[in-house]
$ cat entry_37.tsv   # TSV, C-alpha atoms
chain	number	residue	atom	x	y	z
A	1	MET	CA	-6.92	-11.28	-20.13
A	2	THR	CA	-9.96	-9.21	-20.81
A	3	GLU	CA	-9.58	-6.24	-23.12
A	4	THR	CA	-10.16	-2.89	-21.53
A	5	GLN	CA	-10.97	-0.67	-24.50
A	6	PRO	CA	-14.25	1.10	-23.86
A	7	SER	CA	-15.35	0.68	-27.44
A	8	GLU	CA	-15.21	-3.05	-26.96
A	9	GLN	CA	-17.53	-3.17	-24.05
A	10	ILE	CA	-19.86	-5.97	-24.88
A	11	PRO	CA	-23.44	-5.12	-24.03
A	12	VAL	CA	-24.69	-8.07	-22.06
A	13	PRO	CA	-28.40	-8.86	-21.85
A	14	ALA	CA	-30.31	-6.81	-19.33
A	15	PRO	CA	-29.77	-8.00	-15.77
A	16	ASP	CA	-32.66	-10.28	-15.00
A	17	GLU	CA	-34.11	-8.52	-11.96
A	18	ASP	CA	-31.49	-9.00	-9.27
A	19	HIS	CA	-30.71	-12.51	-10.43
A	20	VAL	CA	-27.56	-11.59	-12.25
A	21	ASP	CA	-25.66	-14.74	-13.04
A	22	LEU	CA	-22.30	-14.49	-11.35
A	23	THR	CA	-20.89	-17.89	-12.29
A	24	ASP	CA	-18.48	-16.66	-14.97
A	25	PHE	CA	-17.59	-13.67	-12.78
A	26	LEU	CA	-16.64	-15.98	-9.91
A	27	GLU	CA	-14.70	-18.30	-12.18
A	28	HIS	CA	-12.71	-15.46	-13.60
A	29	LEU	CA	-11.92	-14.05	-10.16
A	30	GLN	CA	-10.76	-17.46	-9.03
A	31	GLU	CA	-8.53	-17.74	-12.09
A	32	LEU	CA	-6.95	-14.38	-11.35
A	33	LEU	CA	-6.19	-15.48	-7.80
A	34	VAL	CA	-4.68	-18.76	-8.90
A	35	GLU	CA	-2.56	-17.07	-11.56
A	36	ASN	CA	-1.25	-14.77	-8.85
A	37	THR	CA	-1.68	-11.68	-10.99
A	38	ASP	CA	-0.60	-8.36	-9.52
A	39	ILE	CA	-3.09	-6.07	-7.84
A	40	ARG	CA	-3.30	-3.57	-10.65
A	41	GLU	CA	-4.11	-6.21	-13.23
A	42	PHE	CA	-6.55	-7.81	-10.82
A	43	LEU	CA	-8.40	-4.52	-10.31
A	44	GLN	CA	-8.41	-3.84	-14.04
A	45	ASP	CA	-10.15	-7.13	-14.73
A	46	LEU	CA	-12.50	-6.58	-11.83
A	47	VAL	CA	-13.71	-3.20	-13.11
A	48	THR	CA	-14.04	-4.44	-16.69
A	49	MET	CA	-16.14	-7.39	-15.61
A	50	THR	CA	-18.26	-5.28	-13.27
A	51	ALA	CA	-18.96	-2.75	-16.03
A	52	GLU	CA	-19.89	-5.54	-18.42
A	53	LYS	CA	-22.16	-7.21	-15.90
A	54	LEU	CA	-24.10	-4.05	-15.14
A	55	SER	CA	-24.30	-2.53	-18.61
A	56	GLY	CA	-27.20	-3.47	-20.80
A	57	ASN	CA	-30.45	-2.23	-22.25
A	58	GLY	CA	-28.60	0.63	-23.90
A	59	ASN	CA	-27.40	1.77	-20.51
A	60	THR	CA	-23.62	1.92	-20.56
A	61	ILE	CA	-22.03	1.79	-17.17
A	62	ALA	CA	-18.42	2.71	-16.50
A	63	CYS	CA	-16.69	1.38	-13.43
A	64	GLY	CA	-13.73	2.53	-11.39
A	65	VAL	CA	-12.14	1.18	-8.22
A	66	THR	CA	-9.97	3.12	-5.81
A	67	VAL	CA	-7.99	1.29	-3.13
A	68	ILE	CA	-6.88	3.41	-0.22
A	69	ARG	CA	-4.32	2.59	2.36
A	70	GLN	CA	-3.22	4.83	5.19
A	71	LYS	CA	-5.30	7.67	3.72
A	72	LYS	CA	-3.65	7.59	0.32
A	73	PRO	CA	-5.06	6.13	-2.88
A	74	VAL	CA	-2.63	3.36	-3.74
A	75	ALA	CA	-4.26	1.68	-6.67
A	76	VAL	CA	-6.84	2.83	-9.12
A	77	ALA	CA	-8.38	1.00	-12.03
A	78	ASP	CA	-11.02	2.19	-14.45
A	79	SER	CA	-12.99	0.42	-17.12
A	80	ASP	CA	-12.81	3.35	-19.54
A	81	PRO	CA	-11.63	6.98	-19.93
A	82	LEU	CA	-14.91	8.41	-18.57
A	83	ALA	CA	-14.53	6.57	-15.28
A	84	ARG	CA	-10.86	7.51	-15.13
A	85	LYS	CA	-11.63	11.17	-15.67
A	86	LEU	CA	-14.36	11.23	-13.03
A	87	ASP	CA	-12.22	9.36	-10.50
A	88	ASP	CA	-9.35	11.77	-11.13
A	89	ILE	CA	-11.61	14.80	-10.71
A	90	GLN	CA	-12.91	13.44	-7.44
A	91	ASN	CA	-9.49	12.58	-6.06
A	92	SER	CA	-8.27	16.07	-6.94
A	93	PHE	CA	-11.19	17.66	-5.08
A	94	GLY	CA	-10.70	15.27	-2.18
A	95	ASP	CA	-14.44	14.97	-1.80
A	96	GLY	CA	-17.38	13.56	-3.70
A	97	PRO	CA	-19.89	10.72	-3.61
A	98	CYS	CA	-17.31	7.94	-3.90
A	99	LEU	CA	-15.03	9.28	-1.21
A	100	ALA	CA	-18.10	9.84	0.96
A	101	ALA	CA	-19.09	6.20	0.43
A	102	LEU	CA	-15.60	5.22	1.50
A	103	ARG	CA	-15.67	7.34	4.63
A	104	THR	CA	-19.18	6.52	5.78
A	105	ARG	CA	-19.05	2.89	4.60
A	106	THR	CA	-22.48	3.21	3.04
A	107	ILE	CA	-23.72	3.14	-0.53
A	108	THR	CA	-23.96	6.61	-2.03
A	109	HIS	CA	-26.34	7.22	-4.91
A	110	VAL	CA	-26.52	10.31	-7.08
A	111	PRO	CA	-29.58	9.74	-9.34
A	112	ASP	CA	-29.02	12.87	-11.40
A	113	VAL	CA	-25.70	14.69	-11.50
A	114	ARG	CA	-27.34	17.91	-12.70
A	115	GLU	CA	-29.78	18.06	-9.83
A	116	GLU	CA	-27.51	16.96	-7.02
A	117	ALA	CA	-27.21	19.44	-4.15
A	118	ARG	CA	-24.24	17.79	-2.41
A	119	TRP	CA	-20.59	18.16	-3.49
A	120	LEU	CA	-21.36	21.14	-5.72
A	121	ASP	CA	-17.82	21.68	-7.03
A	122	TYR	CA	-17.50	18.08	-8.06
A	123	MET	CA	-20.97	17.96	-9.61
A	124	GLN	CA	-20.22	21.04	-11.67
A	125	ALA	CA	-17.08	19.44	-13.04
A	126	ALA	CA	-18.86	16.11	-13.54
A	127	ALA	CA	-21.72	17.79	-15.44
A	128	CYS	CA	-19.21	18.76	-18.13
A	129	THR	CA	-18.71	15.07	-18.92
A	130	ASP	CA	-21.17	12.50	-20.21
A	131	VAL	CA	-22.11	11.21	-16.79
A	132	GLY	CA	-25.76	11.18	-15.79
A	133	SER	CA	-25.85	9.28	-12.53
A	134	ILE	CA	-23.36	7.89	-10.03
A	135	LEU	CA	-23.43	4.95	-7.65
A	136	ALA	CA	-20.62	4.33	-5.18
A	137	LEU	CA	-20.30	1.17	-3.10
A	138	PRO	CA	-17.70	0.63	-0.39
A	139	MET	CA	-15.88	-2.71	-0.28
A	140	GLU	CA	-15.47	-4.71	2.89
A	141	LEU	CA	-11.80	-5.67	3.08
A	142	ASN	CA	-11.42	-6.65	6.73
A	143	SER	CA	-9.17	-3.66	7.37
A	144	THR	CA	-6.35	-4.75	5.07
A	145	ALA	CA	-7.18	-1.62	3.09
A	146	GLU	CA	-10.20	0.39	2.07
A	147	ALA	CA	-11.72	0.38	-1.36
A	148	VAL	CA	-14.71	1.78	-3.18
A	149	VAL	CA	-16.37	0.79	-6.44
A	150	ASN	CA	-17.54	3.77	-8.45
A	151	LEU	CA	-20.21	3.23	-11.08
A	152	TYR	CA	-21.05	5.88	-13.63
A	153	SER	CA	-24.03	5.74	-15.93
A	154	THR	CA	-24.34	8.03	-18.93
A	155	ARG	CA	-28.06	8.40	-18.22
A	156	PRO	CA	-29.68	10.31	-15.40
A	157	HIS	CA	-31.47	7.80	-13.17
A	158	GLY	CA	-29.33	5.09	-14.73
A	159	PHE	CA	-29.49	2.82	-11.70
A	160	SER	CA	-32.77	1.13	-10.99
A	161	HIS	CA	-33.54	-0.53	-7.69
A	162	GLU	CA	-32.60	-3.88	-9.23
A	163	ASP	CA	-29.34	-2.47	-10.62
A	164	ILE	CA	-28.37	-1.27	-7.18
A	165	ALA	CA	-29.09	-4.68	-5.68
A	166	ALA	CA	-27.09	-6.38	-8.44
A	167	ALA	CA	-24.21	-3.93	-8.00
A	168	GLU	CA	-24.23	-4.66	-4.28
A	169	ARG	CA	-23.92	-8.40	-4.88
A	170	ILE	CA	-21.15	-7.98	-7.44
A	171	THR	CA	-19.25	-5.62	-5.17
A	172	ALA	CA	-19.50	-7.98	-2.21
A	173	THR	CA	-18.22	-10.87	-4.32
A	174	GLY	CA	-15.44	-8.75	-5.79
A	175	ALA	CA	-14.46	-7.53	-2.34
A	176	LYS	CA	-13.85	-11.07	-1.08
A	177	ALA	CA	-11.57	-11.82	-3.99
A	178	LEU	CA	-9.79	-8.48	-3.66
A	179	TYR	CA	-9.24	-9.14	0.03
A	180	LEU	CA	-7.57	-12.45	-0.81
A	181	ALA	CA	-5.46	-10.88	-3.54
A	182	LEU	CA	-4.29	-8.12	-1.18
A	183	LYS	CA	-3.54	-10.62	1.54
A	184	ILE	CA	-1.50	-12.81	-0.80
A	185	ALA	CA	0.43	-9.80	-2.07
A	186	GLN	CA	1.05	-8.63	1.48
A	187	LEU	CA	2.44	-12.00	2.54
A	188	ARG	CA	4.60	-12.24	-0.55
A	189	ASP	CA	5.95	-8.78	0.19
A	190	ALA	CA	6.68	-9.57	3.81
A	191	ARG	CA	8.50	-12.71	2.76
A	192	GLU	CA	10.64	-10.85	0.23
A	193	ASN	CA	11.50	-8.20	2.79
A	194	LEU	CA	12.49	-10.84	5.30
A	195	ALA	CA	14.71	-12.62	2.78
A	196	ALA	CA	16.39	-9.29	1.97
A	197	ALA	CA	16.83	-8.60	5.69
A	198	LEU	CA	18.53	-11.95	6.26
A	199	ALA	CA	20.95	-11.34	3.40
A	200	SER	CA	21.72	-7.83	4.63
A	201	ARG	CA	22.20	-8.97	8.21
A	202	THR	CA	24.76	-11.55	7.14
A	203	ALA	CA	26.86	-8.88	5.44
A	204	ILE	CA	26.58	-6.50	8.37
A	205	ASP	CA	27.46	-9.16	10.95
A	206	THR	CA	30.48	-10.17	8.92
A	207	ALA	CA	31.65	-6.57	8.68
A	208	VAL	CA	31.13	-6.08	12.42
A	209	GLY	CA	33.37	-9.09	13.02
A	210	ILE	CA	36.06	-7.66	10.75
A	211	VAL	CA	35.99	-4.27	12.49
A	212	MET	CA	36.15	-5.99	15.90
A	213	ALA	CA	39.25	-7.93	14.86
A	214	GLN	CA	40.95	-4.96	13.26
A	215	ASN	CA	40.23	-2.50	16.05
A	216	ARG	CA	40.21	-4.98	18.92
A	217	CYS	CA	36.97	-3.49	20.09
A	218	SER	CA	33.60	-4.70	21.34
A	219	ARG	CA	30.70	-5.56	19.11
A	220	ASP	CA	28.86	-2.40	20.15
A	221	ALA	CA	31.88	-0.24	19.34
A	222	ALA	CA	32.28	-1.92	15.96
A	223	PHE	CA	28.61	-1.26	15.18
A	224	GLN	CA	29.09	2.33	16.23
A	225	ILE	CA	31.96	2.71	13.77
A	226	LEU	CA	29.92	1.31	10.90
A	227	VAL	CA	26.83	3.38	11.72
A	228	SER	CA	28.89	6.58	11.95
A	229	ALA	CA	30.58	5.85	8.63
A	230	SER	CA	27.18	5.25	7.09
A	231	SER	CA	25.55	8.44	8.38
A	232	HIS	CA	28.56	10.69	7.74
A	233	ARG	CA	28.97	9.60	4.17
A	234	ASN	CA	25.27	9.16	3.61
A	235	ILE	CA	25.82	5.61	2.42
A	236	LYS	CA	23.55	2.78	3.44
A	237	LEU	CA	24.79	0.68	6.33
A	238	ARG	CA	24.69	-2.40	4.18
A	239	ALA	CA	26.83	-0.77	1.51
A	240	VAL	CA	29.37	0.29	4.16
A	241	ALA	CA	29.48	-3.30	5.42
A	242	GLU	CA	29.98	-4.64	1.93
A	243	ASN	CA	32.83	-2.20	1.39
A	244	VAL	CA	34.51	-3.38	4.57
A	245	ILE	CA	34.19	-7.00	3.52
A	246	ASN	CA	35.33	-6.22	0.01
A	247	HIS	CA	38.37	-4.47	1.39
A	248	VAL	CA	39.42	-7.54	3.34
A	249	ALA	CA	38.30	-10.38	1.12
A	250	GLY	CA	37.73	-8.85	-2.29
A	251	ASP	CA	34.46	-10.66	-2.19
A	252	ARG	CA	31.29	-8.74	-2.78
A	253	ASN	CA	28.86	-11.59	-2.69
A	254	ILE	CA	28.35	-12.93	0.76
A	255	PRO	CA	26.19	-15.98	0.42
A	256	THR	CA	23.44	-16.31	2.96
A	257	ALA	CA	22.38	-19.76	3.98
A	258	PHE	CA	18.77	-19.11	3.23
A	259	GLU	CA	16.83	-21.43	1.03
A	260	GLU	CA	13.87	-20.20	-0.98
B	1	MET	CA	27.39	13.12	14.70
B	2	ASP	CA	25.71	14.70	11.78
B	3	THR	CA	23.55	17.76	11.89
B	4	GLU	CA	20.23	16.18	10.97
B	5	PRO	CA	17.78	17.35	13.63
B	6	TRP	CA	16.60	13.85	14.49
B	7	GLU	CA	20.13	12.56	14.88
B	8	ALA	CA	21.07	15.05	17.55
B	9	SER	CA	21.31	12.39	20.23
B	10	GLU	CA	24.24	14.07	21.98
B	11	TYR	CA	22.44	17.37	22.30
B	12	TYR	CA	19.15	15.98	23.49
B	13	GLY	CA	18.63	13.13	25.87
B	14	GLU	CA	17.60	9.62	25.00
B	15	PHE	CA	13.98	10.55	25.63
B	16	ASP	CA	14.19	13.13	22.90
B	17	GLN	CA	15.77	10.61	20.60
B	18	ARG	CA	12.89	8.27	21.32
B	19	LEU	CA	10.34	11.02	20.74
B	20	GLN	CA	12.02	11.92	17.46
B	21	ALA	CA	11.96	8.30	16.33
B	22	SER	CA	8.31	8.03	17.32
B	23	CYS	CA	7.39	11.15	15.33
B	24	ARG	CA	9.37	10.09	12.30
B	25	PHE	CA	7.71	6.69	12.37
B	26	GLN	CA	4.23	8.20	12.59
B	27	ILE	CA	4.66	10.62	9.73
B	28	GLY	CA	6.71	8.20	7.65
B	29	ASN	CA	3.90	6.03	6.33
B	30	ILE	CA	5.91	2.88	7.08
B	31	SER	CA	4.30	-0.12	8.72
B	32	LEU	CA	5.77	-1.52	11.93
B	33	ASP	CA	6.38	-4.81	10.13
B	34	ARG	CA	8.37	-3.14	7.42
B	35	LEU	CA	10.40	-1.06	9.84
B	36	TRP	CA	11.20	-4.00	12.11
B	37	THR	CA	12.24	-6.21	9.19
B	38	TYR	CA	14.56	-3.52	7.90
B	39	TYR	CA	15.96	-2.77	11.34
B	40	PHE	CA	16.57	-6.49	11.88
B	41	GLY	CA	18.26	-6.59	8.47
B	42	ILE	CA	20.82	-3.97	9.47
B	43	GLY	CA	21.67	-5.86	12.65
B	44	GLY	CA	18.98	-4.78	15.11
B	45	ASN	CA	18.43	-7.08	18.06
B	46	ALA	CA	15.20	-5.89	19.69
B	47	ASP	CA	12.11	-7.88	18.80
B	48	GLU	CA	9.08	-6.37	17.11
B	49	LEU	CA	7.16	-5.94	20.36
B	50	ALA	CA	10.04	-4.07	21.98
B	51	LEU	CA	10.34	-1.88	18.91
B	52	GLU	CA	6.64	-1.10	19.01
B	53	ALA	CA	6.88	-0.23	22.70
B	54	TYR	CA	9.89	1.99	21.99
B	55	LEU	CA	8.04	3.82	19.22
B	56	ASN	CA	5.10	4.34	21.56
B	57	GLU	CA	7.50	5.75	24.14
B	58	LEU	CA	6.86	2.96	26.64
B	59	LEU	CA	10.24	1.29	26.63
B	60	ALA	CA	13.89	2.28	26.36
B	61	LEU	CA	16.33	0.64	23.99
B	62	ALA	CA	20.11	0.47	24.30
B	63	PRO	CA	21.84	3.46	22.65
B	64	GLY	CA	23.19	1.31	19.83
B	65	GLN	CA	19.73	-0.06	19.10
B	66	MET	CA	18.20	3.42	19.13
B	67	GLN	CA	20.76	4.44	16.58
B	68	LEU	CA	19.90	1.47	14.39
B	69	VAL	CA	16.21	2.40	14.55
B	70	ASP	CA	17.18	5.90	13.38
B	71	THR	CA	19.30	4.44	10.60
B	72	ALA	CA	16.46	2.17	9.51
B	73	LEU	CA	14.01	5.10	9.43
B	74	THR	CA	16.45	7.19	7.42
B	75	GLU	CA	17.31	4.47	4.93
B	76	LEU	CA	13.68	3.47	4.43
B	77	SER	CA	12.51	7.01	3.81
B	78	SER	CA	15.40	7.76	1.46
B	79	ASP	CA	14.30	4.74	-0.55
B	80	GLY	CA	10.96	6.43	-0.89
B	81	ARG	CA	9.61	3.08	0.16
B	82	THR	CA	6.18	3.38	1.56
B	83	GLU	CA	4.05	0.41	2.31
B	84	PRO	CA	2.52	-0.84	-0.91
B	85	ALA	CA	-1.02	-2.09	-1.07
B	86	GLY	CA	-0.14	-5.17	-2.94
B	87	GLN	CA	2.81	-4.51	-5.02
$ encode --input "entry_37.tsv" --output "structure tokens"
Amino acid sequence: MTETQPSEQIPVPAPDEDHVDLTDFLEHLQELLVENTDIREFLQDLVTMTAEKLSGNGNTIACGVTVIRQKKPVAVADSDPLARKLDDIQNSFGDGPCLAALRTRTITHVPDVREEARWLDYMQAAACTDVGSILALPMELNSTAEAVVNLYSTRPHGFSHEDIAAAERITATGAKALYLALKIAQLRDARENLAAALASRTAIDTAVGIVMAQNRCSRDAAFQILVSASSHRNIKLRAVAENVINHVAGDRNIPTAFEE
Amino acid sequence: MDTEPWEASEYYGEFDQRLQASCRFQIGNISLDRLWTYYFGIGGNADELALEAYLNELLALAPGQMQLVDTALTELSSDGRTEPAGQ
């Protein structure tokens, strides 16, 4: 995995106009997908590579990514402490160039933090750090989530026209990979939840059967008894069911016929 | 029944119970998928479409099923389980 220490950021040769070579970038993204790394690790590598790709010519660029789902930031990765600090400041204000990029789905460029008239509170706080200019690019994730790439240059006017074009290409490429990674994680999650549900349902059905036999009652009535016990004692329904089964059979593990 | 406001099915009608469930679902930051899977896991019998209709106040569910939806909402929120982005 790529190291994330800021001091180790390797200055790559200046991006050749907007013909930044993305071959190694693509290969690495593909590797991450194949290895099935988790989202956090994936984002961490993505920001590190993006920062490396865009830095050069003595212009150090820090990169942060924020993934938002149902209005809440769910995953954040930053290439170095400067990006982390600036992302944190912005999320605490709830407004700023990156969040604006996210909301309006357009690229937001702040050429000089000290002369920016928008988001005054944020700019004041940002001016206390080393940041000179900011570029924020939204990611297209086909509505699985929303994400924005935040680029911070230590220089004012740190993003040339070519840099912006290069950043756009890198972001678009990264977004496709991130979309896949999110989708894979989502499916894996859904599958795990379903497996857990099948196991839980087996226990609950068994317990319902036991209560029906003991109380000579209907299935609905047996369910009612279990649900009441669960809500009165503030114990999960599944735990109540397992207790019932345990009481009768002394067997806590109810195997579910469900193959991985 | 307990004194939790949303569990007051005997004091309010089934429409109120449905409204309560709908509100809890909306503020709960749980996806429909996640809720249905959990509800199915504790013995629920309505399919996902019926559950969605119920939560949008378009369809009624049997009293026992409504109670299971309530239980699922309670157990999911007590887990602090919100829908993760990837993890």
$ closest_atom_pairs --input "entry_37.tsv" --of "chain A" --to "chain B" --cutoff "6 Å" --atoms "all atoms listed in the file" --output "Markdown table"
| residue | atom | partner | partner_atom | distance |
| --- | --- | --- | --- | --- |
| A:Ile39 | CA | B:Gly86 | CA | 5.8 |
| A:Leu182 | CA | B:Gly86 | CA | 5.4 |
| A:Ala185 | CA | B:Gly86 | CA | 4.7 |
| A:Gln186 | CA | B:Gly86 | CA | 5.7 |
| A:Ala197 | CA | B:Gly41 | CA | 3.7 |
| A:Leu198 | CA | B:Gly41 | CA | 5.8 |
| A:Ser200 | CA | B:Gly41 | CA | 5.3 |
| A:Arg201 | CA | B:Gly41 | CA | 4.6 |
$ residues_around --input "entry_37.tsv" --residues "stretch 210-221 of chain A" --least-positions-apart "3" --cutoff "9 Å" --atoms "all atoms listed in the file" --output "compact mmCIF listing (two decimals) with C-alpha atoms, keeping the file's coordinate frame"
# COMPACT_ATOMS: atom_id res chain seq x y z
CA ASP A 205 27.46 -9.16 10.95
CA THR A 206 30.48 -10.17 8.92
CA ALA A 207 31.65 -6.57 8.68
CA GLN A 224 29.09 2.33 16.23
CA ILE A 225 31.96 2.71 13.77
CA LEU A 226 29.92 1.31 10.90
CA VAL A 244 34.51 -3.38 4.57
CA ILE A 245 34.19 -7.00 3.52
CA VAL A 248 39.42 -7.54 3.34
CA GLY B 64 23.19 1.31 19.83
$ closest_residue --input "entry_37.tsv" --among "A:Arg118, A:Arg84, A:His247, A:Arg105" --to "A:Gln44" --atoms "all atoms listed in the file"
A:Arg84
$ residues_near_point --input "entry_37.tsv" --point "(11.7, 8.2, 15.2)" --cutoff "8 Å" --atoms "all atoms listed in the file" --output "MDAnalysis selection string"
chainID B and resid 6 17:26 55 69:70 73
$ atom_distance --input "entry_37.tsv" --atom1 "atom CA of A:Thr66" --atom2 "atom CA of A:Asp87"
8.1 Å
$ atom_distance --input "entry_37.tsv" --atom1 "atom CA of A:Thr144" --atom2 "atom CA of A:Val65"
15.7 Å
$ atom_distance --input "entry_37.tsv" --atom1 "atom CA of A:Pro81" --atom2 "atom CA of A:Thr104"
26.8 Å
$ axis_aligned_box --input "entry_37.tsv" --around "stretch 60-65 of chain A" --padding-each-side "5 Å" --output "JSON"
{"center_x": -17.9, "center_y": 1.9, "center_z": -14.4, "size_x": 21.5, "size_y": 11.5, "size_z": 22.3}
$ residues_around --input "entry_37.tsv" --residues "A:Ile107" --least-positions-apart "3" --cutoff "7 Å" --atoms "all atoms listed in the file" --output "ChimeraX atom specification"
/A:101,136-138
$ closest_residue --input "entry_37.tsv" --among "A:Ile134, A:Val149, A:Ala126, A:Ala165" --to "A:Ser79" --atoms "all atoms listed in the file"
A:Val149
$ residues_around --input "entry_37.tsv" --residues "stretch 177-180 of chain A" --least-positions-apart "4" --cutoff "7 Å" --atoms "all atoms listed in the file" --output "MDAnalysis selection string"
chainID A and resid 29 141 173 184
$ residues_near_point --input "entry_37.tsv" --point "(-18.9, 17.3, -6.6)" --cutoff "9 Å" --atoms "only C-alpha atoms" --output "short mmCIF file (atom, residue, chain, number, x, y, z; two decimals) with C-alpha atoms, in the coordinates of the input"
data_model
loop_
_atom_site.label_atom_id
_atom_site.label_comp_id
_atom_site.auth_asym_id
_atom_site.auth_seq_id
_atom_site.Cartn_x
_atom_site.Cartn_y
_atom_site.Cartn_z
CA ILE A 89 -11.61 14.80 -10.71
CA GLN A 90 -12.91 13.44 -7.44
CA PHE A 93 -11.19 17.66 -5.08
CA ASP A 95 -14.44 14.97 -1.80
CA GLY A 96 -17.38 13.56 -3.70
CA PRO A 97 -19.89 10.72 -3.61
CA VAL A 113 -25.70 14.69 -11.50
CA GLU A 116 -27.51 16.96 -7.02
CA ALA A 117 -27.21 19.44 -4.15
CA ARG A 118 -24.24 17.79 -2.41
CA TRP A 119 -20.59 18.16 -3.49
CA LEU A 120 -21.36 21.14 -5.72
CA ASP A 121 -17.82 21.68 -7.03
CA TYR A 122 -17.50 18.08 -8.06
CA MET A 123 -20.97 17.96 -9.61
CA GLN A 124 -20.22 21.04 -11.67
CA ALA A 125 -17.08 19.44 -13.04
CA ALA A 126 -18.86 16.11 -13.54
#
$ closest_residue --input "entry_37.tsv" --among "A:Ser153, A:Asn91, A:Ala145, A:Thr37" --to "A:Asp112" --atoms "all atoms listed in the file"
A:Ser153
$ closest_residue --input "entry_37.tsv" --among "A:Val76, A:Leu82, A:Met139, A:Val240" --to "A:Thr154" --atoms "only C-alpha atoms"
A:Leu82
$ decode --input "entry_37.tsv" --residues "stretch 11-45 of chain B" --atoms "C-alpha atoms" --output "PDB file, in the first residue's frame"
ATOM      1  CA  TYR B  11     -54.259   4.314  22.833  1.00  0.00           C
ATOM      2  CA  TYR B  12     -54.087   5.450  19.245  1.00  0.00           C
ATOM      3  CA  GLY B  13     -55.557   3.710  16.268  1.00  0.00           C
ATOM      4  CA  GLU B  14     -53.712   1.679  13.696  1.00  0.00           C
ATOM      5  CA  PHE B  15     -53.409   4.764  11.508  1.00  0.00           C
ATOM      6  CA  ASP B  16     -51.469   6.480  14.230  1.00  0.00           C
ATOM      7  CA  GLN B  17     -49.271   3.448  14.611  1.00  0.00           C
ATOM      8  CA  ARG B  18     -48.593   3.574  10.896  1.00  0.00           C
ATOM      9  CA  LEU B  19     -47.870   7.295  11.023  1.00  0.00           C
ATOM     10  CA  GLN B  20     -45.503   6.761  13.938  1.00  0.00           C
ATOM     11  CA  ALA B  21     -43.676   4.008  12.068  1.00  0.00           C
ATOM     12  CA  SER B  22     -43.458   6.209   8.996  1.00  0.00           C
ATOM     13  CA  CYS B  23     -41.975   9.101  10.992  1.00  0.00           C
ATOM     14  CA  ARG B  24     -39.525   6.898  12.823  1.00  0.00           C
ATOM     15  CA  PHE B  25     -38.382   5.394   9.544  1.00  0.00           C
ATOM     16  CA  GLN B  26     -37.868   8.807   7.961  1.00  0.00           C
ATOM     17  CA  ILE B  27     -35.831  10.257  10.787  1.00  0.00           C
ATOM     18  CA  GLY B  28     -34.005   7.007  11.486  1.00  0.00           C
ATOM     19  CA  ASN B  29     -31.480   7.137   8.656  1.00  0.00           C
ATOM     20  CA  ILE B  30     -32.128   3.470   7.845  1.00  0.00           C
ATOM     21  CA  SER B  31     -32.550   2.300   4.279  1.00  0.00           C
ATOM     22  CA  LEU B  32     -35.688   0.402   3.281  1.00  0.00           C
ATOM     23  CA  ASP B  33     -33.502  -2.563   2.334  1.00  0.00           C
ATOM     24  CA  ARG B  34     -31.919  -2.691   5.735  1.00  0.00           C
ATOM     25  CA  LEU B  35     -35.218  -2.337   7.555  1.00  0.00           C
ATOM     26  CA  TRP B  36     -36.957  -4.998   5.483  1.00  0.00           C
ATOM     27  CA  THR B  37     -34.085  -7.466   5.909  1.00  0.00           C
ATOM     28  CA  TYR B  38     -34.134  -6.980   9.654  1.00  0.00           C
ATOM     29  CA  TYR B  39     -37.920  -7.188   9.854  1.00  0.00           C
ATOM     30  CA  PHE B  40     -37.822 -10.392   7.790  1.00  0.00           C
ATOM     31  CA  GLY B  41     -35.140 -11.694  10.147  1.00  0.00           C
ATOM     32  CA  ILE B  42     -37.375 -11.327  13.190  1.00  0.00           C
ATOM     33  CA  GLY B  43     -40.195 -13.195  11.471  1.00  0.00           C
ATOM     34  CA  GLY B  44     -41.912 -10.531   9.367  1.00  0.00           C
ATOM     35  CA  ASN B  45     -44.014 -11.805   6.488  1.00  0.00           C
TER      36      ASN B  45
END
